[in-house]
Amino acid sequence: MPTVKLHQNGEVYQQEVDANSNLVVLAGVKKFPHLKYGCGMGKCTKCTVKVISGGESLPEPNWKENKMLGDKLGEGYRLACQLYISENIEIVQE
Ligand code: FES
């Protein structure tokens with residue numbers, strides 16, 4: 001099972017999740033409770049995270065991420081609602 005390490009407001013939350021989990025879906029059922037999110041559909045950017053490590057295991061950004069994040073993709077930002085986690089990952093959410 002992949003481990004997700006989330007940095008947020010000076011706190012670090014670490015948790016194992018099932019392979020191919022979507023963190024926003026988990027947050028919605030209180031199984032990944034610290035993640036901030038909104039629409040769950042790639043439209044609001046409230047779920048934006050910066051990937052510190054493990055990004056190579058993620059799929060290429062989809063059209064929603066390209067549209068909403070633009071140049072920030074190159075800085076490591078992703079929309080958590082558009083990602084399925086298959087390997088360990090470390091992310092920051094402001
Ligand atoms: S939750 Fe709205 S873009 Fe991800």
# chains A, B, ... in the order shown; residues from 1 in each chain; ligands from 1
$ closest_atom_pairs --of "chain A" --to "ligand 1" --cutoff "10 Å" --atoms "only C-alpha atoms and all ligand atoms" --output "JSON lines"
{"residue": "A:Leu23", "atom": "CA", "partner": "ligand 1", "partner_atom_place_in_ligand_line": "4 (Fe)", "distance": 9.8}
{"residue": "A:Val24", "atom": "CA", "partner": "ligand 1", "partner_atom_place_in_ligand_line": "1 (S)", "distance": 6.8}
{"residue": "A:Val25", "atom": "CA", "partner": "ligand 1", "partner_atom_place_in_ligand_line": "1 (S)", "distance": 9.5}
{"residue": "A:Leu35", "atom": "CA", "partner": "ligand 1", "partner_atom_place_in_ligand_line": "1 (S)", "distance": 9.8}
{"residue": "A:Lys36", "atom": "CA", "partner": "ligand 1", "partner_atom_place_in_ligand_line": "1 (S)", "distance": 7.9}
{"residue": "A:Tyr37", "atom": "CA", "partner": "ligand 1", "partner_atom_place_in_ligand_line": "1 (S)", "distance": 4.3}
{"residue": "A:Gly38", "atom": "CA", "partner": "ligand 1", "partner_atom_place_in_ligand_line": "1 (S)", "distance": 4.0}
{"residue": "A:Cys39", "atom": "CA", "partner": "ligand 1", "partner_atom_place_in_ligand_line": "2 (Fe)", "distance": 3.8}
{"residue": "A:Gly40", "atom": "CA", "partner": "ligand 1", "partner_atom_place_in_ligand_line": "1 (S)", "distance": 3.7}
{"residue": "A:Met41", "atom": "CA", "partner": "ligand 1", "partner_atom_place_in_ligand_line": "2 (Fe)", "distance": 5.4}
{"residue": "A:Gly42", "atom": "CA", "partner": "ligand 1", "partner_atom_place_in_ligand_line": "3 (S)", "distance": 3.4}
{"residue": "A:Lys43", "atom": "CA", "partner": "ligand 1", "partner_atom_place_in_ligand_line": "3 (S)", "distance": 4.4}
{"residue": "A:Cys44", "atom": "CA", "partner": "ligand 1", "partner_atom_place_in_ligand_line": "2 (Fe)", "distance": 3.9}
{"residue": "A:Thr45", "atom": "CA", "partner": "ligand 1", "partner_atom_place_in_ligand_line": "3 (S)", "distance": 3.8}
{"residue": "A:Lys46", "atom": "CA", "partner": "ligand 1", "partner_atom_place_in_ligand_line": "2 (Fe)", "distance": 5.2}
{"residue": "A:Cys47", "atom": "CA", "partner": "ligand 1", "partner_atom_place_in_ligand_line": "4 (Fe)", "distance": 4.4}
{"residue": "A:Thr48", "atom": "CA", "partner": "ligand 1", "partner_atom_place_in_ligand_line": "4 (Fe)", "distance": 6.6}
{"residue": "A:Val49", "atom": "CA", "partner": "ligand 1", "partner_atom_place_in_ligand_line": "4 (Fe)", "distance": 9.6}
{"residue": "A:Lys64", "atom": "CA", "partner": "ligand 1", "partner_atom_place_in_ligand_line": "3 (S)", "distance": 8.3}
{"residue": "A:Glu65", "atom": "CA", "partner": "ligand 1", "partner_atom_place_in_ligand_line": "3 (S)", "distance": 8.2}
{"residue": "A:Met68", "atom": "CA", "partner": "ligand 1", "partner_atom_place_in_ligand_line": "3 (S)", "distance": 7.9}
{"residue": "A:Leu69", "atom": "CA", "partner": "ligand 1", "partner_atom_place_in_ligand_line": "3 (S)", "distance": 9.6}
{"residue": "A:Arg78", "atom": "CA", "partner": "ligand 1", "partner_atom_place_in_ligand_line": "4 (Fe)", "distance": 9.0}
{"residue": "A:Leu79", "atom": "CA", "partner": "ligand 1", "partner_atom_place_in_ligand_line": "4 (Fe)", "distance": 5.3}
{"residue": "A:Ala80", "atom": "CA", "partner": "ligand 1", "partner_atom_place_in_ligand_line": "4 (Fe)", "distance": 5.9}
{"residue": "A:Cys81", "atom": "CA", "partner": "ligand 1", "partner_atom_place_in_ligand_line": "4 (Fe)", "distance": 4.3}
{"residue": "A:Gln82", "atom": "CA", "partner": "ligand 1", "partner_atom_place_in_ligand_line": "4 (Fe)", "distance": 6.7}
{"residue": "A:Leu83", "atom": "CA", "partner": "ligand 1", "partner_atom_place_in_ligand_line": "4 (Fe)", "distance": 9.4}
$ write_last_selection --atoms "C-alpha atoms" --output "short mmCIF file (atom, residue, chain, number, x, y, z; two decimals), in the first residue's frame"
data_model
loop_
_atom_site.label_atom_id
_atom_site.label_comp_id
_atom_site.auth_asym_id
_atom_site.auth_seq_id
_atom_site.Cartn_x
_atom_site.Cartn_y
_atom_site.Cartn_z
CA LEU A 23 -7.15 11.43 -2.10
CA VAL A 24 -10.16 13.69 -2.61
CA VAL A 25 -12.49 10.68 -2.61
CA LEU A 35 -6.79 17.41 2.60
CA LYS A 36 -8.58 20.54 1.46
CA TYR A 37 -10.77 20.11 -1.60
CA GLY A 38 -13.82 21.50 -3.30
CA CYS A 39 -15.53 20.32 -6.46
CA GLY A 40 -13.76 16.98 -6.91
CA MET A 41 -14.00 17.56 -10.65
CA GLY A 42 -10.92 19.56 -11.60
CA LYS A 43 -12.74 22.88 -11.71
CA CYS A 44 -11.92 24.79 -8.50
CA THR A 45 -8.20 24.15 -7.71
CA LYS A 46 -8.91 23.91 -3.96
CA CYS A 47 -7.24 20.49 -3.94
CA THR A 48 -3.98 21.80 -5.43
CA VAL A 49 -0.91 20.16 -3.95
CA LYS A 64 -8.23 19.68 -16.59
CA GLU A 65 -4.91 20.05 -14.80
CA MET A 68 -6.44 24.99 -14.36
CA LEU A 69 -2.76 24.92 -13.37
CA ARG A 78 -1.09 18.92 -9.34
CA LEU A 79 -4.81 18.65 -8.69
CA ALA A 80 -5.25 15.91 -6.11
CA CYS A 81 -8.77 15.19 -7.31
CA GLN A 82 -7.37 14.13 -10.68
CA LEU A 83 -4.75 11.74 -9.31
#
$ select_by_dssp --residues "chain A" --states "helix (DSSP H, G or I)" --output "MDAnalysis selection string"
chainID A and resid 23:28 55:57 63:75 80:82
$ select_by_dssp --residues "chain A" --states "strand (DSSP E)" --output "NGL selection string"
:A and (3-8 or 11-16 or 48-53 or 77-79 or 89-92)
$ write_last_selection --atoms "C-alpha atoms" --output "tab-separated table (two decimals), in the first residue's frame"
chain	number	residue	atom	x	y	z
A	3	THR	CA	2.15	5.89	1.87
A	4	VAL	CA	1.07	9.50	1.48
A	5	LYS	CA	2.90	12.17	3.44
A	6	LEU	CA	1.05	15.49	3.51
A	7	HIS	CA	2.67	18.71	4.76
A	8	GLN	CA	0.13	21.36	5.70
A	11	GLU	CA	2.06	19.78	10.36
A	12	VAL	CA	2.93	16.49	8.69
A	13	TYR	CA	0.29	13.83	8.23
A	14	GLN	CA	1.38	10.38	7.06
A	15	GLN	CA	-0.97	7.62	6.11
A	16	GLU	CA	-1.12	4.42	4.08
A	48	THR	CA	-3.98	21.80	-5.43
A	49	VAL	CA	-0.91	20.16	-3.95
A	50	LYS	CA	2.79	20.51	-4.69
A	51	VAL	CA	4.53	17.18	-5.16
A	52	ILE	CA	7.83	16.95	-3.27
A	53	SER	CA	8.66	13.34	-4.10
A	77	TYR	CA	1.73	21.39	-8.67
A	78	ARG	CA	-1.09	18.92	-9.34
A	79	LEU	CA	-4.81	18.65	-8.69
A	89	ILE	CA	4.19	10.23	-2.48
A	90	GLU	CA	5.00	13.35	-0.48
A	91	ILE	CA	2.95	16.47	-1.06
A	92	VAL	CA	2.46	19.96	0.35
$ closest_residue --among "A:Gly28, A:Glu60, A:Gly10, A:Ile85" --to "Leu73 (chain A)" --atoms "only C-alpha atoms"
A:Glu60
$ atom_distance --atom1 "CA of Gly70 (chain A)" --atom2 "CA of Asn20 (chain A)"
24.7 Å
$ atom_distance --atom1 "CA of Gly54 (chain A)" --atom2 "CA of Tyr84 (chain A)"
12.3 Å
$ closest_residue --among "A:Phe32, A:Asn9, A:Pro61, A:Ala27" --to "Gly74 (chain A)" --atoms "only C-alpha atoms"
A:Pro61
